[in-house]
Amino acid sequence: MKRFQIIPGDITAQKVDALVNAANETLLGGGGVDGAIHRAAGPELLEACRALGGCATGDAKATRGCGLSAAWVIHTVGPVWRGGHLKEADLLASCYRRSLELACSLKVRTLAFPSISTGAYGYPLDQAAAVAVAAIGDFLVTDRHLSQVCMVCFSKAVQDAYEAAWRAWRYRAEEGV
Ligand code: APR
C-alpha cells in the first residue's frame, strides 16, 4: 500500500492539501504540533478556530490553511493518556478516522498526520503507533479518494515506532489473522 508513507520531518513543511493538527478541546492553540502549525499559519488561523467553538476529544474540525501552503488544517483532539482503561485507544482511533472522513468530504487528496497524543498527552508511542496505523490502514483499504497519507515523524524514535507498527499491521492484514 504505497498510499501510506512514514516520513521524517516537520509537518508544517509538508506540501499536501491538508495538515492534521494535534490540538486541544479549546482549539485555541498550544505547544508542540499545535504551536508549530499556528506559528506557520499566522494569526488568522486562531481567528478561524475561534469560530469553531472547540472540538471534543476524538473528533475533528477543519479550517482553511490561512498562511500555510496547505489548503486546509484538520484539527483533531487526541486523548490524554490515563493508563489505558478510559477508552484512550478508541478515542485515538476516532481521531484518525474522523480526520480521514473529513479530508474526503473536503475533496482532499493528500494529507499529513502528526503522531497524535504521543507528546504532551503522554500516550505510549508504540501503543499509539499501533492504533494509528490500524485506523489509517483499515480506512485506506476501502477508500478511493485519498492518493497520499503521510505520517510525519519529528524524531527517529517516532519514525521507528510507526515503521514497526506498520510492518506488523501489514503482516496481519496479508495473513488475514
Ligand atoms: N511536526 C511534526 N511532529 C511534531 C512537530 C512538528 N512540527 N512538533 C511536535 N511534533 C510531534 C511530537 O514530537 C509528538 O511526537 O508531534 C507529536 C505530538 O506531540 P504534541 O504536539 O505534544 O501533541 P499531543 O501529545 O497530541 O498533545 C496535544 O499539546 O500542544 C498542545 O495544544 C496542544 O493541548 C494540546 C496538546
# chains A, B, ... in the order shown; residues from 1 in each chain; ligands from 1
$ residues_near_ligand --ligand "ligand 1" --cutoff "9 Å" --atoms "only C-alpha atoms and all ligand atoms" --output "PyMOL selection string"
chain A and resi 8-13+21-37+76-80+113-123+125+151-155+157-158
$ closest_atom_pairs --of "region 106-134 of chain A" --to "region 59-75 of chain A" --cutoff "10 Å" --atoms "only C-alpha atoms" --output "CSV"
residue,atom,partner,partner_atom,distance
A:Leu106,CA,A:Trp72,CA,8.6
A:Val108,CA,A:Trp72,CA,8.4
A:Thr110,CA,A:Ala70,CA,9.6
A:Leu111,CA,A:Ala70,CA,9.1
A:Ala112,CA,A:Ile74,CA,9.7
A:Phe113,CA,A:Ile74,CA,9.4
$ closest_residue --among "A:Lys2, A:Arg109, A:Leu91, A:Ala40" --to "Ser147 (chain A)" --atoms "only C-alpha atoms"
A:Arg109
$ closest_residue --among "A:Cys104, A:Cys49, A:Leu92, A:Leu146" --to "Val133 (chain A)" --atoms "only C-alpha atoms"
A:Leu92
$ select_by_dssp --residues "region 89-171 of chain A" --states "strand (DSSP E or B)" --output "list in words"
Thr110, Leu111, Ala112, Phe113, Gln148, Val149, Cys150, Met151, Val152 and Cys153 of chain A
$ write_last_selection --atoms "N, CA and C atoms" --output "PDB file, in the first residue's frame"
ATOM      1  N   THR A 110      -4.257  14.699  -0.642  1.00  0.00           N
ATOM      2  CA  THR A 110      -3.020  14.380   0.089  1.00  0.00           C
ATOM      3  C   THR A 110      -3.096  14.982   1.484  1.00  0.00           C
ATOM      4  N   LEU A 111      -2.674  14.209   2.477  1.00  0.00           N
ATOM      5  CA  LEU A 111      -2.930  14.533   3.887  1.00  0.00           C
ATOM      6  C   LEU A 111      -1.712  14.143   4.713  1.00  0.00           C
ATOM      7  N   ALA A 112      -1.351  14.991   5.692  1.00  0.00           N
ATOM      8  CA  ALA A 112      -0.228  14.672   6.584  1.00  0.00           C
ATOM      9  C   ALA A 112      -0.700  14.656   8.035  1.00  0.00           C
ATOM     10  N   PHE A 113      -0.378  13.570   8.739  1.00  0.00           N
ATOM     11  CA  PHE A 113      -0.679  13.425  10.164  1.00  0.00           C
ATOM     12  C   PHE A 113       0.590  13.626  10.991  1.00  0.00           C
ATOM     13  N   GLN A 148      -2.593  10.085  -1.098  1.00  0.00           N
ATOM     14  CA  GLN A 148      -1.372  10.011  -0.278  1.00  0.00           C
ATOM     15  C   GLN A 148      -1.685  10.429   1.156  1.00  0.00           C
ATOM     16  N   VAL A 149      -1.366   9.556   2.113  1.00  0.00           N
ATOM     17  CA  VAL A 149      -1.473   9.891   3.533  1.00  0.00           C
ATOM     18  C   VAL A 149      -0.081   9.705   4.134  1.00  0.00           C
ATOM     19  N   CYS A 150       0.431  10.761   4.778  1.00  0.00           N
ATOM     20  CA  CYS A 150       1.771  10.674   5.382  1.00  0.00           C
ATOM     21  C   CYS A 150       1.672  10.748   6.894  1.00  0.00           C
ATOM     22  N   MET A 151       2.504   9.958   7.562  1.00  0.00           N
ATOM     23  CA  MET A 151       2.728  10.133   8.995  1.00  0.00           C
ATOM     24  C   MET A 151       4.072  10.854   9.108  1.00  0.00           C
ATOM     25  N   VAL A 152       4.058  12.093   9.591  1.00  0.00           N
ATOM     26  CA  VAL A 152       5.277  12.905   9.647  1.00  0.00           C
ATOM     27  C   VAL A 152       5.887  12.773  11.043  1.00  0.00           C
ATOM     28  N   CYS A 153       7.079  12.188  11.097  1.00  0.00           N
ATOM     29  CA  CYS A 153       7.711  11.828  12.377  1.00  0.00           C
ATOM     30  C   CYS A 153       8.799  12.845  12.735  1.00  0.00           C
TER      31      CYS A 153
END
$ select_by_dssp --residues "chain A" --states "helix (DSSP H, G or I)" --output "PyMOL selection string"
chain A and resi 11-13+32-41+43-50+88-105+125-142+156-175
$ atom_distance --atom1 "CA of His145 (chain A)" --atom2 "CA of Lys107 (chain A)"
7.4 Å
$ closest_residue --among "A:Leu102, A:Ile7, A:Ala89, A:Val16" --to "Pro124 (chain A)" --atoms "only C-alpha atoms"
A:Ala89
$ closest_residue --among "A:Thr57, A:Arg82, A:Arg172, A:Leu52" --to "Ala134 (chain A)" --atoms "only C-alpha atoms"
A:Arg172
$ atom_distance --atom1 "CA of Trp166 (chain A)" --atom2 "CA of Ile6 (chain A)"
8.8 Å
